[in-house]
Amino acid sequence: YKRIKSSNGDVEKRPYIKTTLLMDGIAKKIELTLTDRGPMDYTMLIGRKALGRRWVVNPSISFLTKSNDKERKIKK
């Protein structure tokens, strides 16, 4: 478990996993904390540590990378 400060300022313990993030053809080992995001708009958030110095977020532009539907299968 890891201690995480949520967006409302509360500190909670969450389980976490180590996995590989694959974004725009680049793989990076990261840690993900797990929580129920069912009622929220986004099922996953990628934090600053996971992005590192390799990626920059520009909030005025979205969906810059191309998806590969053969490799990506999302089940809902």
# chains A, B, ... in the order shown; residues from 1 in each chain; ligands from 1

call {"tool": "residues_around", "arguments": {"residues": "segment 35-41 of chain A", "least_positions_apart": "3", "cutoff": "12 Å", "atoms": "only C-alpha atoms", "output": "PyMOL selection string"}}
result
chain A and resi 1-2+4+6+12-17+32+44-45+76

call {"tool": "atom_distance", "arguments": {"atom1": "atom CA of Pro59 of chain A", "atom2": "atom CA of Ile26 of chain A"}}
result
20.8 Å

call {"tool": "atom_distance", "arguments": {"atom1": "atom CA of Gly9 of chain A", "atom2": "atom CA of Leu51 of chain A"}}
result
22.2 Å

call {"tool": "residues_around", "arguments": {"residues": "Ala50 of chain A", "least_positions_apart": "6", "cutoff": "8 Å", "atoms": "only C-alpha atoms", "output": "PyMOL selection string"}}
result
chain A and resi 28+30-31

call {"tool": "write_last_selection", "arguments": {"atoms": "C-alpha atoms", "output": "short mmCIF file (atom, residue, chain, number, x, y, z; two decimals), in the first residue's frame"}}
result
data_model
loop_
_atom_site.label_atom_id
_atom_site.label_comp_id
_atom_site.auth_asym_id
_atom_site.auth_seq_id
_atom_site.Cartn_x
_atom_site.Cartn_y
_atom_site.Cartn_z
CA LYS A 28 8.24 3.01 -19.33
CA ILE A 30 5.63 2.83 -13.62
CA GLU A 31 3.69 2.26 -10.40
#

call {"tool": "closest_residue", "arguments": {"among": "A:Val56, A:Ser62, A:Tyr42, A:Thr33", "to": "Lys18 of chain A", "atoms": "only C-alpha atoms"}}
result
A:Thr33

call {"tool": "select_by_dssp", "arguments": {"residues": "chain A", "states": "strand (DSSP E or B)", "output": "list in words"}}
result
Lys2, Arg3, Ile4, Lys5, Val11, Glu12, Lys13, Arg14, Tyr16, Ile17, Lys18, Thr19, Thr20, Leu21, Leu22, Met23, Ile26, Ala27, Lys28, Lys29, Ile30, Glu31, Leu32 and Thr33 of chain A

call {"tool": "write_last_selection", "arguments": {"atoms": "N, CA and C atoms", "output": "PDB file, in the first residue's frame"}}
result
ATOM      1  N   LYS A   2       0.322   2.325  -0.611  1.00  0.00           N
ATOM      2  CA  LYS A   2       1.003   3.623  -0.619  1.00  0.00           C
ATOM      3  C   LYS A   2       0.051   4.672  -0.054  1.00  0.00           C
ATOM      4  N   ARG A   3       0.645   5.642   0.630  1.00  0.00           N
ATOM      5  CA  ARG A   3      -0.155   6.761   1.142  1.00  0.00           C
ATOM      6  C   ARG A   3      -0.294   7.793   0.020  1.00  0.00           C
ATOM      7  N   ILE A   4      -1.530   8.130  -0.320  1.00  0.00           N
ATOM      8  CA  ILE A   4      -1.820   9.032  -1.429  1.00  0.00           C
ATOM      9  C   ILE A   4      -2.679  10.183  -0.931  1.00  0.00           C
ATOM     10  N   LYS A   5      -2.346  11.395  -1.363  1.00  0.00           N
ATOM     11  CA  LYS A   5      -3.167  12.563  -1.049  1.00  0.00           C
ATOM     12  C   LYS A   5      -4.116  12.779  -2.223  1.00  0.00           C
ATOM     13  N   VAL A  11      -5.822  12.081   2.894  1.00  0.00           N
ATOM     14  CA  VAL A  11      -4.750  11.103   2.708  1.00  0.00           C
ATOM     15  C   VAL A  11      -5.346   9.724   2.941  1.00  0.00           C
ATOM     16  N   GLU A  12      -5.072   8.813   2.007  1.00  0.00           N
ATOM     17  CA  GLU A  12      -5.581   7.451   2.143  1.00  0.00           C
ATOM     18  C   GLU A  12      -4.525   6.454   1.702  1.00  0.00           C
ATOM     19  N   LYS A  13      -4.654   5.221   2.157  1.00  0.00           N
ATOM     20  CA  LYS A  13      -3.762   4.151   1.721  1.00  0.00           C
ATOM     21  C   LYS A  13      -4.431   3.423   0.566  1.00  0.00           C
ATOM     22  N   ARG A  14      -3.679   3.248  -0.527  1.00  0.00           N
ATOM     23  CA  ARG A  14      -4.209   2.556  -1.704  1.00  0.00           C
ATOM     24  C   ARG A  14      -3.272   1.426  -2.108  1.00  0.00           C
ATOM     25  N   TYR A  16      -1.177  -0.775  -4.780  1.00  0.00           N
ATOM     26  CA  TYR A  16      -0.528  -0.350  -6.020  1.00  0.00           C
ATOM     27  C   TYR A  16       0.066  -1.551  -6.733  1.00  0.00           C
ATOM     28  N   ILE A  17       0.324  -1.359  -8.027  1.00  0.00           N
ATOM     29  CA  ILE A  17       0.966  -2.385  -8.847  1.00  0.00           C
ATOM     30  C   ILE A  17       2.103  -1.739  -9.626  1.00  0.00           C
ATOM     31  N   LYS A  18       3.063  -2.564 -10.028  1.00  0.00           N
ATOM     32  CA  LYS A  18       4.125  -2.122 -10.935  1.00  0.00           C
ATOM     33  C   LYS A  18       3.777  -2.683 -12.307  1.00  0.00           C
ATOM     34  N   THR A  19       3.840  -1.831 -13.324  1.00  0.00           N
ATOM     35  CA  THR A  19       3.472  -2.247 -14.672  1.00  0.00           C
ATOM     36  C   THR A  19       4.268  -1.433 -15.686  1.00  0.00           C
ATOM     37  N   THR A  20       4.016  -1.652 -16.955  1.00  0.00           N
ATOM     38  CA  THR A  20       4.679  -0.907 -18.019  1.00  0.00           C
ATOM     39  C   THR A  20       3.653  -0.039 -18.732  1.00  0.00           C
ATOM     40  N   LEU A  21       3.942   1.243 -18.833  1.00  0.00           N
ATOM     41  CA  LEU A  21       3.113   2.189 -19.571  1.00  0.00           C
ATOM     42  C   LEU A  21       3.638   2.222 -20.999  1.00  0.00           C
ATOM     43  N   LEU A  22       2.763   2.016 -21.971  1.00  0.00           N
ATOM     44  CA  LEU A  22       3.138   2.117 -23.378  1.00  0.00           C
ATOM     45  C   LEU A  22       2.348   3.270 -23.973  1.00  0.00           C
ATOM     46  N   MET A  23       3.052   4.336 -24.321  1.00  0.00           N
ATOM     47  CA  MET A  23       2.397   5.523 -24.853  1.00  0.00           C
ATOM     48  C   MET A  23       3.182   6.024 -26.053  1.00  0.00           C
ATOM     49  N   ILE A  26       6.429   4.254 -26.826  1.00  0.00           N
ATOM     50  CA  ILE A  26       7.503   4.317 -25.835  1.00  0.00           C
ATOM     51  C   ILE A  26       7.042   3.596 -24.573  1.00  0.00           C
ATOM     52  N   ALA A  27       7.863   2.660 -24.085  1.00  0.00           N
ATOM     53  CA  ALA A  27       7.529   1.892 -22.884  1.00  0.00           C
ATOM     54  C   ALA A  27       8.304   2.438 -21.693  1.00  0.00           C
ATOM     55  N   LYS A  28       7.610   2.525 -20.550  1.00  0.00           N
ATOM     56  CA  LYS A  28       8.243   3.006 -19.326  1.00  0.00           C
ATOM     57  C   LYS A  28       7.645   2.256 -18.145  1.00  0.00           C
ATOM     58  N   LYS A  29       8.500   1.780 -17.230  1.00  0.00           N
ATOM     59  CA  LYS A  29       8.024   1.094 -16.034  1.00  0.00           C
ATOM     60  C   LYS A  29       7.495   2.133 -15.051  1.00  0.00           C
ATOM     61  N   ILE A  30       6.270   1.888 -14.536  1.00  0.00           N
ATOM     62  CA  ILE A  30       5.626   2.826 -13.616  1.00  0.00           C
ATOM     63  C   ILE A  30       4.935   2.065 -12.490  1.00  0.00           C
ATOM     64  N   GLU A  31       4.527   2.798 -11.462  1.00  0.00           N
ATOM     65  CA  GLU A  31       3.687   2.260 -10.398  1.00  0.00           C
ATOM     66  C   GLU A  31       2.320   2.928 -10.505  1.00  0.00           C
ATOM     67  N   LEU A  32       1.256   2.128 -10.391  1.00  0.00           N
ATOM     68  CA  LEU A  32      -0.111   2.637 -10.428  1.00  0.00           C
ATOM     69  C   LEU A  32      -0.783   2.358  -9.102  1.00  0.00           C
ATOM     70  N   THR A  33      -1.443   3.363  -8.534  1.00  0.00           N
ATOM     71  CA  THR A  33      -2.268   3.107  -7.355  1.00  0.00           C
ATOM     72  C   THR A  33      -3.675   2.797  -7.847  1.00  0.00           C
TER      73      THR A  33
END

call {"tool": "decode", "arguments": {"residues": "segment 4-43 of chain A", "atoms": "N, CA and C atoms", "output": "mmCIF file, in the first residue's frame"}}
result
data_model
loop_
_atom_site.group_PDB
_atom_site.id
_atom_site.type_symbol
_atom_site.label_atom_id
_atom_site.label_comp_id
_atom_site.auth_asym_id
_atom_site.auth_seq_id
_atom_site.Cartn_x
_atom_site.Cartn_y
_atom_site.Cartn_z
ATOM 1 N N ILE A 4 -1.530 8.130 -0.320
ATOM 2 C CA ILE A 4 -1.820 9.032 -1.429
ATOM 3 C C ILE A 4 -2.679 10.183 -0.931
ATOM 4 N N LYS A 5 -2.346 11.395 -1.363
ATOM 5 C CA LYS A 5 -3.167 12.563 -1.049
ATOM 6 C C LYS A 5 -4.116 12.779 -2.223
ATOM 7 N N SER A 6 -5.403 12.645 -1.984
ATOM 8 C CA SER A 6 -6.386 12.759 -3.061
ATOM 9 C C SER A 6 -6.627 14.225 -3.422
ATOM 10 N N SER A 7 -7.403 14.438 -4.474
ATOM 11 C CA SER A 7 -7.646 15.801 -4.964
ATOM 12 C C SER A 7 -8.376 16.671 -3.948
ATOM 13 N N ASN A 8 -9.114 16.054 -3.025
ATOM 14 C CA ASN A 8 -9.815 16.849 -2.008
ATOM 15 C C ASN A 8 -8.967 17.065 -0.752
ATOM 16 N N GLY A 9 -7.722 16.588 -0.769
ATOM 17 C CA GLY A 9 -6.800 16.813 0.335
ATOM 18 C C GLY A 9 -6.724 15.694 1.351
ATOM 19 N N ASP A 10 -7.620 14.710 1.256
ATOM 20 C CA ASP A 10 -7.595 13.575 2.180
ATOM 21 C C ASP A 10 -6.426 12.647 1.856
ATOM 22 N N VAL A 11 -5.822 12.081 2.894
ATOM 23 C CA VAL A 11 -4.750 11.103 2.708
ATOM 24 C C VAL A 11 -5.346 9.724 2.941
ATOM 25 N N GLU A 12 -5.072 8.813 2.007
ATOM 26 C CA GLU A 12 -5.581 7.451 2.143
ATOM 27 C C GLU A 12 -4.525 6.454 1.702
ATOM 28 N N LYS A 13 -4.654 5.221 2.157
ATOM 29 C CA LYS A 13 -3.762 4.151 1.721
ATOM 30 C C LYS A 13 -4.431 3.423 0.566
ATOM 31 N N ARG A 14 -3.679 3.248 -0.527
ATOM 32 C CA ARG A 14 -4.209 2.556 -1.704
ATOM 33 C C ARG A 14 -3.272 1.426 -2.108
ATOM 34 N N PRO A 15 -3.831 0.317 -2.593
ATOM 35 C CA PRO A 15 -2.972 -0.730 -3.150
ATOM 36 C C PRO A 15 -2.333 -0.212 -4.443
ATOM 37 N N TYR A 16 -1.177 -0.775 -4.780
ATOM 38 C CA TYR A 16 -0.528 -0.350 -6.020
ATOM 39 C C TYR A 16 0.066 -1.551 -6.733
ATOM 40 N N ILE A 17 0.324 -1.359 -8.027
ATOM 41 C CA ILE A 17 0.966 -2.385 -8.847
ATOM 42 C C ILE A 17 2.103 -1.739 -9.626
ATOM 43 N N LYS A 18 3.063 -2.564 -10.028
ATOM 44 C CA LYS A 18 4.125 -2.122 -10.935
ATOM 45 C C LYS A 18 3.777 -2.683 -12.307
ATOM 46 N N THR A 19 3.840 -1.831 -13.324
ATOM 47 C CA THR A 19 3.472 -2.247 -14.672
ATOM 48 C C THR A 19 4.268 -1.433 -15.686
ATOM 49 N N THR A 20 4.016 -1.652 -16.955
ATOM 50 C CA THR A 20 4.679 -0.907 -18.019
ATOM 51 C C THR A 20 3.653 -0.039 -18.732
ATOM 52 N N LEU A 21 3.942 1.243 -18.833
ATOM 53 C CA LEU A 21 3.113 2.189 -19.571
ATOM 54 C C LEU A 21 3.638 2.222 -20.999
ATOM 55 N N LEU A 22 2.763 2.016 -21.971
ATOM 56 C CA LEU A 22 3.138 2.117 -23.378
ATOM 57 C C LEU A 22 2.348 3.270 -23.973
ATOM 58 N N MET A 23 3.052 4.336 -24.321
ATOM 59 C CA MET A 23 2.397 5.523 -24.853
ATOM 60 C C MET A 23 3.182 6.024 -26.053
ATOM 61 N N ASP A 24 2.499 6.107 -27.171
ATOM 62 C CA ASP A 24 3.111 6.572 -28.421
ATOM 63 C C ASP A 24 4.347 5.754 -28.781
ATOM 64 N N GLY A 25 4.280 4.445 -28.541
ATOM 65 C CA GLY A 25 5.371 3.548 -28.900
ATOM 66 C C GLY A 25 6.532 3.531 -27.930
ATOM 67 N N ILE A 26 6.429 4.254 -26.826
ATOM 68 C CA ILE A 26 7.503 4.317 -25.835
ATOM 69 C C ILE A 26 7.042 3.596 -24.573
ATOM 70 N N ALA A 27 7.863 2.660 -24.085
ATOM 71 C CA ALA A 27 7.529 1.892 -22.884
ATOM 72 C C ALA A 27 8.304 2.438 -21.693
ATOM 73 N N LYS A 28 7.610 2.525 -20.550
ATOM 74 C CA LYS A 28 8.243 3.006 -19.326
ATOM 75 C C LYS A 28 7.645 2.256 -18.145
ATOM 76 N N LYS A 29 8.500 1.780 -17.230
ATOM 77 C CA LYS A 29 8.024 1.094 -16.034
ATOM 78 C C LYS A 29 7.495 2.133 -15.051
ATOM 79 N N ILE A 30 6.270 1.888 -14.536
ATOM 80 C CA ILE A 30 5.626 2.826 -13.616
ATOM 81 C C ILE A 30 4.935 2.065 -12.490
ATOM 82 N N GLU A 31 4.527 2.798 -11.462
ATOM 83 C CA GLU A 31 3.687 2.260 -10.398
ATOM 84 C C GLU A 31 2.320 2.928 -10.505
ATOM 85 N N LEU A 32 1.256 2.128 -10.391
ATOM 86 C CA LEU A 32 -0.111 2.637 -10.428
ATOM 87 C C LEU A 32 -0.783 2.358 -9.102
ATOM 88 N N THR A 33 -1.443 3.363 -8.534
ATOM 89 C CA THR A 33 -2.268 3.107 -7.355
ATOM 90 C C THR A 33 -3.675 2.797 -7.847
ATOM 91 N N LEU A 34 -4.362 1.954 -7.109
ATOM 92 C CA LEU A 34 -5.682 1.487 -7.522
ATOM 93 C C LEU A 34 -6.765 2.102 -6.650
ATOM 94 N N THR A 35 -7.823 2.590 -7.297
ATOM 95 C CA THR A 35 -8.971 3.153 -6.589
ATOM 96 C C THR A 35 -10.194 3.049 -7.487
ATOM 97 N N ASP A 36 -11.376 3.151 -6.921
ATOM 98 C CA ASP A 36 -12.617 3.083 -7.692
ATOM 99 C C ASP A 36 -12.871 4.430 -8.356
ATOM 100 N N ARG A 37 -12.775 4.478 -9.680
ATOM 101 C CA ARG A 37 -13.025 5.707 -10.429
ATOM 102 C C ARG A 37 -14.325 5.596 -11.213
ATOM 103 N N GLY A 38 -15.181 4.632 -10.847
ATOM 104 C CA GLY A 38 -16.436 4.393 -11.553
ATOM 105 C C GLY A 38 -17.274 5.630 -11.814
ATOM 106 N N PRO A 39 -17.516 6.464 -10.810
ATOM 107 C CA PRO A 39 -18.378 7.625 -11.038
ATOM 108 C C PRO A 39 -17.672 8.808 -11.717
ATOM 109 N N MET A 40 -16.402 8.686 -12.021
ATOM 110 C CA MET A 40 -15.644 9.820 -12.568
ATOM 111 C C MET A 40 -15.581 9.760 -14.094
ATOM 112 N N ASP A 41 -15.253 10.884 -14.716
ATOM 113 C CA ASP A 41 -15.201 10.975 -16.177
ATOM 114 C C ASP A 41 -14.071 10.156 -16.784
ATOM 115 N N TYR A 42 -12.934 10.063 -16.098
ATOM 116 C CA TYR A 42 -11.769 9.366 -16.639
ATOM 117 C C TYR A 42 -11.463 8.150 -15.778
ATOM 118 N N THR A 43 -11.295 6.992 -16.420
ATOM 119 C CA THR A 43 -11.048 5.759 -15.669
ATOM 120 C C THR A 43 -9.624 5.661 -15.155
#
